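Data first, discussion second: the structure below is written as structure tokens.
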Amino acid sequence: MPRIKSLIKFSIRLFFLGLLLGVIGFTVLWALIWPSLPDVETLREVELQVPLRVYSADGQLMAEIGEQRRIPLSIEEIPELQRQAFLAAEDDNFYGHFGIDIAGTLRGVFGYVRYLGQRRVPGGSTITQQVARRFFLTNEFSVTRKIREIFLAVKIERELEKDEIFELYLNKEFLGQRAYGVGAAAQIYYGKTVDELTLAEMALIAGLPKAPSRDNPISNPEGAVARRGYVLDRMLDEGFITEAQWSEAQATPDRAELHGPQRELDAPWVAEIVRREAVDRFGAEEAYAGGYEIVTTVDSSLQRAADAAVQDGLDTYDKRHGWRGPEGRVDPDLLDRPDALLDLLDEAPDIGDLIPAVVLEVEPEQARLLLVDGREATLLLERIEWARPFLGRDAVGASPSAVGDVLAPGDRVRLREHPEGWRLAQVPEAQAALVSLKPDTGAVVALVGGLDFAASQFNRATQSRRQPGSAFKPFIYAAALDAGYTPASLVNDAPVVFDDPSQERTWKPQNFSEQFFGPTRLREGMVHSRNLISVRLVMDLGLQRATDYVTSFGFARDEIPNGPSMALGSASITPMDLAAAYAVFANGGFAIEPHFVLAVRDIDGQELEVPQRPRVCADCPPPRPDEAATAAPEPQRDSVRALTLDTGENPAPDEAEGEPAELHGPPVPRLAERVLSPQTAWLIRSMMGDVIREGTGQRAMALGRNDLAGKTGTTNDQRDTWFAGFNDELVTVVWVGMDGNEELGRYEQGGRTALPIWVDYMTVALDGVPEQERTVPVGIVQAMIDPDSGLRVRPGTPGAVREWFQSGNLPPLQEPRDAVAEDAVDPYEIY
């Protein structure tokens, strides 16, 4: 008995000694660790990592860029049943404890001692502890980290409300497949918002935090459903759901599958440009996680029209040059095994709207094919009649008389879907680019950088430098007009030989027709794209003068060849360069800057500053008197003004002298640089209007409009083909060529390859846009001329035609055979 009493006393002393040591140890740890804990107040200001989102001007999502997918939600926006599912799964006493679960913590301690710290054991981490770990700590397995986690959880509970902690948890927790938070998980797994989820779906999502990779419904659907069952059991135990709800949810099959961002507009070329601009401005980490929204200048309907026009145009070009054969062959033994065929088709890259397919059966009048999506298609003979054998870039074989002449069972091919039925297709060899922008602002409303972004991210609209050919001639003609030529000036279209240093050989330019037409008026030279006219203009102006002039349109000097071949567009420029330069003709002579960003918003929806761009404005107030001297030289006086808002980078003159800025009122418009007089811009536009009405651009007359102007372009050996055209509303440039600079074919020209794409796009872009006849600027006059001599004649002269001139530069009067007093008739009209 005494021995038992002694043992009891010893045990009591040992207990209190242990308790005392525990208290002392806890106090020491508290004193050492508590001061070093991070400031919990920062959680109130935490910025959740949200991906960069890019939108069109009309609000359609174009791209979501960032590793972490998150849709931040307030606690009120998350359904109560979803919150209860997480509480049941992770911490049913969340609203009752002070940050830690004593029982769970002791269980973890005993387990740690039992296994001597050599393995993880269940430790009953509360939601608050998980928040502490996610925001301030790591997943490192150590006693020190666990102790800091416990202390930090207590500190968080002391300084934040329960709902604040729970809201952070529901938005921060990793739930697999790059989803962080319940908002992103609902969208990624079910393509829904949280308020659209069923009970079964809520339970599955709530079961993910324990092992988001292992219990993921995509990678392990059986494990995810088993975990869902556990969560539903716990919800029933806690009284969050009824037995009827439990039974229905348990019996519901899971339909989880990966849902990408709900992209509404496919414009990857523009999205990539904007992504780079965001990285340049914010840095990669901030750009991809800062929750920025960038609204672009792109119009969704115009972008779709541009994509369709490019795909149709390349398809049409490709069909002209014949069938190159199937992409591959499938083992005939697999034709009765659809699953194996679909696996093979899945390996084919997605390219535009060209759908991979395998030929299953061939009859004389039709073929049966299996598509990559599991559908079957019937291809009729009339849909493959274009498929004459490819014999070279300029030759094709005979038209097929039966489907078997083209296809055989086992062929891997591509189809295009049309309203009238399936059509045989193939991946075009050629590429194309399209740029469309507003001439008064430079806002890019549509851009296509190639056939398919996934196949090649190289942006041919902004990165590919190609020769513009005759599309460059309007800039040479503008230089000639400013040097004293007129649209009626005669230039000899005759052979000439040059020693061209830019080509390191003797150069003998020719017209496309390989004919010469003798003395030709400038207008006719533009309309019919006569090469010798442009070459003689450059040689008359002088290479240095011509180069200086064309660079004022924004072309890089080092891309302009130092030789007479520059007259025929041997410079290296991008379609974007050409569109910006043509905008000068369209807007009356002002330089604009192409741009893609309309607005930038931060995660709170606040708009950030974006660079102000030069802009043409017809109704802008005149500059202040103290700016008049620098705002616009005398020749620029017309009703059209170009401006850019003063961002404050350059103070107004009286600000520099110390006067308070508020005396100046709102920002003062600044005139942008004028690079062309309104008179010269108008004359060039007039000549390019005739290119469409009666020259190489006549296909554009299909639009049935009289306010269009433009120019075709074709380089030597038909390696690059262009059409650049505009009206007051839009400037659009189309290029077609081969990435490897191979020839397109002897009969391919800008009017045959690029212009149809331009017409298809502009048909949509200008639908409903009223025609606008541009006002004739002051200083432009109209007079009658002799079309053979280019000299001015009196009205009523037989065969005379009307021509436009600058008022101070009319040709001399040609005396008629029957002399009339010179002052008897007014020989020209002034506008």
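Letters for chains follow the order of the structure tokens (A, B, ...), residue numbers begin at 1 for each chain, and ligand numbers begin at 1 in the order shown.
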Give me the residues of stretch 748-777 of chain A that have any atom at most 12 Å from an atom of stretch 680-690 of chain A; for each, the nearest atom pair and the distance in Å, rounded to one decimal. Use only C-alpha atoms, sort by chain and number, and format it as JSON lines.
{"residue": "A:Glu773", "atom": "CA", "partner": "A:Ser686", "partner_atom": "CA", "distance": 11.1}
{"residue": "A:Arg774", "atom": "CA", "partner": "A:Trp682", "partner_atom": "CA", "distance": 8.5}
{"residue": "A:Thr775", "atom": "CA", "partner": "A:Trp682", "partner_atom": "CA", "distance": 9.1}
{"residue": "A:Val776", "atom": "CA", "partner": "A:Trp682", "partner_atom": "CA", "distance": 7.3}
{"residue": "A:Pro777", "atom": "CA", "partner": "A:Trp682", "partner_atom": "CA", "distance": 7.5}
Self-check item: Residue neighbourhood stretch 791-799 of chain A, 7 Å, only C-alpha atoms, exclusion window fewer than 3 positions, as a PyMOL selection string
Solution: chain A and resi 783-786+811-814+827
Exercise. For A:Gln245, please output as number ranges by chain all residues within 12 Å (counting only C-alpha atoms; exclusion window: fewer than 6 positions along the same chain).
Key: A: 81, 198-200, 203, 232-233, 235-236, 239, 251-252
What would the file look like if the residues just selected were written as a PDB file, in the first residue's frame with N, CA, C and O atoms?
ATOM      1  N   LEU A  81     -24.653  26.250 -49.125  1.00  0.00           N
ATOM      2  CA  LEU A  81     -24.435  24.807 -49.202  1.00  0.00           C
ATOM      3  C   LEU A  81     -22.998  24.481 -49.591  1.00  0.00           C
ATOM      4  O   LEU A  81     -22.426  23.486 -49.109  1.00  0.00           O
ATOM      5  N   THR A 198     -24.636  21.782 -58.682  1.00  0.00           N
ATOM      6  CA  THR A 198     -25.518  20.887 -57.943  1.00  0.00           C
ATOM      7  C   THR A 198     -24.851  20.499 -56.629  1.00  0.00           C
ATOM      8  O   THR A 198     -23.650  20.739 -56.418  1.00  0.00           O
ATOM      9  N   LEU A 199     -25.617  19.879 -55.728  1.00  0.00           N
ATOM     10  CA  LEU A 199     -25.051  19.432 -54.452  1.00  0.00           C
ATOM     11  C   LEU A 199     -23.904  18.458 -54.675  1.00  0.00           C
ATOM     12  O   LEU A 199     -22.862  18.541 -54.012  1.00  0.00           O
ATOM     13  N   ALA A 200     -24.074  17.526 -55.622  1.00  0.00           N
ATOM     14  CA  ALA A 200     -23.020  16.545 -55.892  1.00  0.00           C
ATOM     15  C   ALA A 200     -21.746  17.235 -56.361  1.00  0.00           C
ATOM     16  O   ALA A 200     -20.630  16.858 -55.954  1.00  0.00           O
ATOM     17  N   ALA A 203     -20.057  19.016 -53.424  1.00  0.00           N
ATOM     18  CA  ALA A 203     -19.374  18.069 -52.541  1.00  0.00           C
ATOM     19  C   ALA A 203     -18.059  17.595 -53.148  1.00  0.00           C
ATOM     20  O   ALA A 203     -17.047  17.441 -52.441  1.00  0.00           O
ATOM     21  N   LEU A 232     -20.313  14.006 -48.605  1.00  0.00           N
ATOM     22  CA  LEU A 232     -21.766  13.941 -48.459  1.00  0.00           C
ATOM     23  C   LEU A 232     -22.164  13.281 -47.146  1.00  0.00           C
ATOM     24  O   LEU A 232     -23.127  13.713 -46.474  1.00  0.00           O
ATOM     25  N   ASP A 233     -21.438  12.245 -46.758  1.00  0.00           N
ATOM     26  CA  ASP A 233     -21.697  11.608 -45.459  1.00  0.00           C
ATOM     27  C   ASP A 233     -21.520  12.600 -44.319  1.00  0.00           C
ATOM     28  O   ASP A 233     -22.337  12.669 -43.389  1.00  0.00           O
ATOM     29  N   MET A 235     -21.695  15.871 -44.473  1.00  0.00           N
ATOM     30  CA  MET A 235     -22.743  16.890 -44.532  1.00  0.00           C
ATOM     31  C   MET A 235     -24.044  16.366 -43.916  1.00  0.00           C
ATOM     32  O   MET A 235     -24.772  17.103 -43.226  1.00  0.00           O
ATOM     33  N   LEU A 236     -24.350  15.088 -44.142  1.00  0.00           N
ATOM     34  CA  LEU A 236     -25.539  14.492 -43.540  1.00  0.00           C
ATOM     35  C   LEU A 236     -25.382  14.409 -42.027  1.00  0.00           C
ATOM     36  O   LEU A 236     -26.316  14.734 -41.275  1.00  0.00           O
ATOM     37  N   GLY A 239     -26.003  17.624 -40.365  1.00  0.00           N
ATOM     38  CA  GLY A 239     -27.336  18.170 -40.534  1.00  0.00           C
ATOM     39  C   GLY A 239     -27.440  19.245 -41.595  1.00  0.00           C
ATOM     40  O   GLY A 239     -28.426  19.990 -41.646  1.00  0.00           O
ATOM     41  N   ALA A 251     -26.209   9.165 -55.808  1.00  0.00           N
ATOM     42  CA  ALA A 251     -26.536   8.402 -57.019  1.00  0.00           C
ATOM     43  C   ALA A 251     -26.232   9.157 -58.306  1.00  0.00           C
ATOM     44  O   ALA A 251     -26.337   8.592 -59.393  1.00  0.00           O
ATOM     45  N   THR A 252     -25.844  10.419 -58.194  1.00  0.00           N
ATOM     46  CA  THR A 252     -25.613  11.238 -59.384  1.00  0.00           C
ATOM     47  C   THR A 252     -24.244  10.924 -59.991  1.00  0.00           C
ATOM     48  O   THR A 252     -23.217  11.039 -59.302  1.00  0.00           O
TER      49      THR A 252
END
Could you give me, as a tab-separated table, a per-residue list for stretch 750-782 of chain A showing, wherever an atom lies at most 9 Å from an atom of stretch 308-323 of chain A, the closest pair of atoms and their distance in Å to one decimal, using only C-alpha atoms and sorting by chain then residue number from low to high?
residue	atom	partner	partner_atom	distance
A:Arg752	CA	A:Tyr317	CA	8.7
A:Thr753	CA	A:Tyr317	CA	6.7
A:Ala754	CA	A:Gly313	CA	7.7
A:Pro756	CA	A:Gly313	CA	6.7
A:Ile757	CA	A:Ala309	CA	5.2
A:Trp758	CA	A:Ala309	CA	7.5
A:Val759	CA	A:Ala309	CA	8.4
A:Asp760	CA	A:Ala309	CA	5.6
A:Tyr761	CA	A:Ala309	CA	5.6
Writer output for current selection, all heavy atoms, as a PDB file, in the first residue's frame:
ATOM      1  N   ARG A 752      -5.502  39.045-107.949  1.00  0.00           N
ATOM      2  CA  ARG A 752      -6.096  37.708-108.015  1.00  0.00           C
ATOM      3  C   ARG A 752      -6.022  36.970-106.684  1.00  0.00           C
ATOM      4  O   ARG A 752      -6.863  36.123-106.394  1.00  0.00           O
ATOM      5  CB  ARG A 752      -5.382  36.889-109.094  1.00  0.00           C
ATOM      6  CG  ARG A 752      -6.129  35.636-109.495  1.00  0.00           C
ATOM      7  CD  ARG A 752      -5.366  34.849-110.529  1.00  0.00           C
ATOM      8  NE  ARG A 752      -6.198  33.775-111.095  1.00  0.00           N
ATOM      9  CZ  ARG A 752      -5.704  32.679-111.646  1.00  0.00           C
ATOM     10  NH1 ARG A 752      -4.390  32.505-111.728  1.00  0.00           N
ATOM     11  NH2 ARG A 752      -6.499  31.753-112.130  1.00  0.00           N
ATOM     12  N   THR A 753      -5.013  37.265-105.873  1.00  0.00           N
ATOM     13  CA  THR A 753      -4.835  36.549-104.607  1.00  0.00           C
ATOM     14  C   THR A 753      -5.257  37.386-103.403  1.00  0.00           C
ATOM     15  O   THR A 753      -6.088  36.976-102.595  1.00  0.00           O
ATOM     16  CB  THR A 753      -3.366  36.130-104.430  1.00  0.00           C
ATOM     17  OG1 THR A 753      -2.537  37.303-104.461  1.00  0.00           O
ATOM     18  CG2 THR A 753      -2.921  35.176-105.517  1.00  0.00           C
ATOM     19  N   ALA A 754      -4.682  38.598-103.285  1.00  0.00           N
ATOM     20  CA  ALA A 754      -4.931  39.424-102.104  1.00  0.00           C
ATOM     21  C   ALA A 754      -6.246  40.181-102.185  1.00  0.00           C
ATOM     22  O   ALA A 754      -6.971  40.304-101.192  1.00  0.00           O
ATOM     23  CB  ALA A 754      -3.761  40.399-101.906  1.00  0.00           C
ATOM     24  N   PRO A 756      -9.254  39.519-103.591  1.00  0.00           N
ATOM     25  CA  PRO A 756     -10.481  38.817-103.184  1.00  0.00           C
ATOM     26  C   PRO A 756     -10.638  38.701-101.667  1.00  0.00           C
ATOM     27  O   PRO A 756     -11.755  38.773-101.155  1.00  0.00           O
ATOM     28  CB  PRO A 756     -10.334  37.440-103.844  1.00  0.00           C
ATOM     29  CG  PRO A 756      -9.465  37.694-105.044  1.00  0.00           C
ATOM     30  CD  PRO A 756      -8.479  38.727-104.582  1.00  0.00           C
ATOM     31  N   ILE A 757      -9.534  38.516-100.960  1.00  0.00           N
ATOM     32  CA  ILE A 757      -9.596  38.471 -99.489  1.00  0.00           C
ATOM     33  C   ILE A 757     -10.038  39.830 -98.964  1.00  0.00           C
ATOM     34  O   ILE A 757     -10.888  39.927 -98.069  1.00  0.00           O
ATOM     35  CB  ILE A 757      -8.225  38.069 -98.912  1.00  0.00           C
ATOM     36  CG1 ILE A 757      -7.858  36.644 -99.333  1.00  0.00           C
ATOM     37  CG2 ILE A 757      -8.223  38.198 -97.387  1.00  0.00           C
ATOM     38  CD1 ILE A 757      -6.461  36.215 -98.911  1.00  0.00           C
ATOM     39  N   TRP A 758      -9.470  40.885 -99.519  1.00  0.00           N
ATOM     40  CA  TRP A 758      -9.826  42.251 -99.120  1.00  0.00           C
ATOM     41  C   TRP A 758     -11.318  42.501 -99.362  1.00  0.00           C
ATOM     42  O   TRP A 758     -12.012  43.062 -98.512  1.00  0.00           O
ATOM     43  CB  TRP A 758      -8.972  43.230 -99.916  1.00  0.00           C
ATOM     44  CG  TRP A 758      -9.061  44.667 -99.512  1.00  0.00           C
ATOM     45  CD1 TRP A 758      -8.265  45.312 -98.619  1.00  0.00           C
ATOM     46  CD2 TRP A 758      -9.982  45.654-100.015  1.00  0.00           C
ATOM     47  NE1 TRP A 758      -8.630  46.636 -98.521  1.00  0.00           N
ATOM     48  CE2 TRP A 758      -9.686  46.868 -99.369  1.00  0.00           C
ATOM     49  CE3 TRP A 758     -11.024  45.626-100.929  1.00  0.00           C
ATOM     50  CZ2 TRP A 758     -10.392  48.051 -99.619  1.00  0.00           C
ATOM     51  CZ3 TRP A 758     -11.749  46.787-101.181  1.00  0.00           C
ATOM     52  CH2 TRP A 758     -11.421  47.989-100.520  1.00  0.00           C
ATOM     53  N   VAL A 759     -11.810  42.074-100.513  1.00  0.00           N
ATOM     54  CA  VAL A 759     -13.218  42.296-100.848  1.00  0.00           C
ATOM     55  C   VAL A 759     -14.126  41.533 -99.881  1.00  0.00           C
ATOM     56  O   VAL A 759     -15.122  42.071 -99.374  1.00  0.00           O
ATOM     57  CB  VAL A 759     -13.494  41.880-102.303  1.00  0.00           C
ATOM     58  CG1 VAL A 759     -14.997  41.843-102.578  1.00  0.00           C
ATOM     59  CG2 VAL A 759     -12.806  42.838-103.261  1.00  0.00           C
ATOM     60  N   ASP A 760     -13.796  40.262 -99.613  1.00  0.00           N
ATOM     61  CA  ASP A 760     -14.620  39.469 -98.694  1.00  0.00           C
ATOM     62  C   ASP A 760     -14.688  40.122 -97.325  1.00  0.00           C
ATOM     63  O   ASP A 760     -15.752  40.176 -96.693  1.00  0.00           O
ATOM     64  CB  ASP A 760     -14.066  38.050 -98.567  1.00  0.00           C
ATOM     65  CG  ASP A 760     -14.352  37.200 -99.795  1.00  0.00           C
ATOM     66  OD1 ASP A 760     -15.104  37.659-100.683  1.00  0.00           O
ATOM     67  OD2 ASP A 760     -13.820  36.076 -99.875  1.00  0.00           O
ATOM     68  N   TYR A 761     -13.541  40.587 -96.832  1.00  0.00           N
ATOM     69  CA  TYR A 761     -13.522  41.224 -95.519  1.00  0.00           C
ATOM     70  C   TYR A 761     -14.276  42.549 -95.525  1.00  0.00           C
ATOM     71  O   TYR A 761     -15.120  42.804 -94.655  1.00  0.00           O
ATOM     72  CB  TYR A 761     -12.075  41.449 -95.075  1.00  0.00           C
ATOM     73  CG  TYR A 761     -11.970  42.381 -93.886  1.00  0.00           C
ATOM     74  CD1 TYR A 761     -12.330  41.960 -92.619  1.00  0.00           C
ATOM     75  CD2 TYR A 761     -11.553  43.707 -94.047  1.00  0.00           C
ATOM     76  CE1 TYR A 761     -12.257  42.822 -91.532  1.00  0.00           C
ATOM     77  CE2 TYR A 761     -11.480  44.569 -92.976  1.00  0.00           C
ATOM     78  CZ  TYR A 761     -11.831  44.120 -91.719  1.00  0.00           C
ATOM     79  OH  TYR A 761     -11.774  44.979 -90.655  1.00  0.00           O
TER      80      TYR A 761
END
When you look at A:Arg746 with a cut-off of 12 Å (counting only C-alpha atoms), what residues show up, excluding the ones that are within fewer than 6 positions of it in the same chain? I need them as an mmCIF file with C-alpha atoms, in the first residue's frame.
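Below is the file part.cif, written as the result:
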data_model
loop_
_atom_site.group_PDB
_atom_site.id
_atom_site.type_symbol
_atom_site.label_atom_id
_atom_site.label_comp_id
_atom_site.auth_asym_id
_atom_site.auth_seq_id
_atom_site.Cartn_x
_atom_site.Cartn_y
_atom_site.Cartn_z
ATOM 1 C CA HIS A 321 -2.970 24.759 -108.103
ATOM 2 C CA GLY A 392 3.894 22.173 -110.594
ATOM 3 C CA ARG A 393 3.139 25.724 -109.608
ATOM 4 C CA ASP A 394 1.849 26.526 -113.092
ATOM 5 C CA ALA A 395 0.286 23.260 -114.225
ATOM 6 C CA PHE A 512 4.155 43.237 -116.021
ATOM 7 C CA THR A 714 3.010 42.109 -107.103
ATOM 8 C CA THR A 715 6.764 41.499 -106.854
ATOM 9 C CA ASN A 716 9.172 39.790 -109.229
ATOM 10 C CA ASP A 717 8.338 36.147 -109.940
ATOM 11 C CA GLN A 718 5.052 36.578 -108.039
ATOM 12 C CA ARG A 719 6.630 35.960 -104.632
ATOM 13 C CA ASP A 720 4.581 38.600 -102.806
ATOM 14 C CA THR A 721 1.111 39.817 -103.706
ATOM 15 C CA ARG A 752 -6.096 37.708 -108.015
#
Quiz item: What does the distance between atom CA of A:Thr193 and atom CA of A:Leu61 come to in Å, to one decimal place?
Solution: 16.2 Å
Quiz prompt | Among listed residues A:Glu293, A:Glu593, A:Glu694, A:Glu771, nearest A:Gly605 (using only C-alpha atoms) | solution =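 Closest to A:Gly605 of all the choices is A:Glu293.
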Quiz prompt | Within 6 Å of stretch 522-538 of chain A using only C-alpha atoms, minus same-chain residues under 2 positions, as a ChimeraX atom specification | solution = /A:487-489,493,511,540-542,567,687,691,695
Quiz prompt | Within 9 Å of A:Glu417 using only C-alpha atoms, minus same-chain residues under 2 positions, as a list in words | solution = Asp353, Leu354, Ile355, Leu415, Pro419, Glu420, Gly421, Trp422 and Arg423 of chain A
Exercise. List every residue of stretch 151-301 of chain A that DSSP, applied to the backbone of this structure, assigns to strand (DSSP E), and report them as JSON, numbers by chain.
Key: {"A": [179, 180, 293, 294, 295, 296]}
Keeping N, CA, C and O atoms for every residue in the selection just given, could you write it to a file as a compact mmCIF listing (two decimals), in the first residue's frame?
# COMPACT_ATOMS: atom_id res chain seq x y z
N ALA A 179 -6.64 25.39 -60.81
CA ALA A 179 -7.77 26.11 -60.23
C ALA A 179 -7.45 26.48 -58.78
O ALA A 179 -7.13 25.61 -57.97
N TYR A 180 -7.58 27.76 -58.47
CA TYR A 180 -7.40 28.24 -57.11
C TYR A 180 -8.71 28.90 -56.67
O TYR A 180 -9.12 29.91 -57.23
N GLU A 293 -7.21 43.43 -66.64
CA GLU A 293 -8.06 43.24 -67.81
C GLU A 293 -7.69 44.27 -68.85
O GLU A 293 -7.63 45.47 -68.55
N ILE A 294 -7.39 43.80 -70.05
CA ILE A 294 -7.00 44.70 -71.13
C ILE A 294 -8.08 44.64 -72.21
O ILE A 294 -8.40 43.57 -72.73
N VAL A 295 -8.63 45.78 -72.51
CA VAL A 295 -9.63 45.89 -73.58
C VAL A 295 -8.91 46.35 -74.83
O VAL A 295 -8.24 47.39 -74.83
N THR A 296 -9.02 45.59 -75.89
CA THR A 296 -8.32 45.91 -77.13
C THR A 296 -9.22 46.72 -78.05
O THR A 296 -10.41 46.90 -77.81
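In this model, the gap between atom CA of A:Pro564 and atom CA of A:Pro509 comes to 9.6 Å.
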Quiz item: With distances taken over only C-alpha atoms, which of A:Ile78, A:Leu160, A:Val444, A:Leu744 is nearest to A:Thr732?
Solution: A:Val444
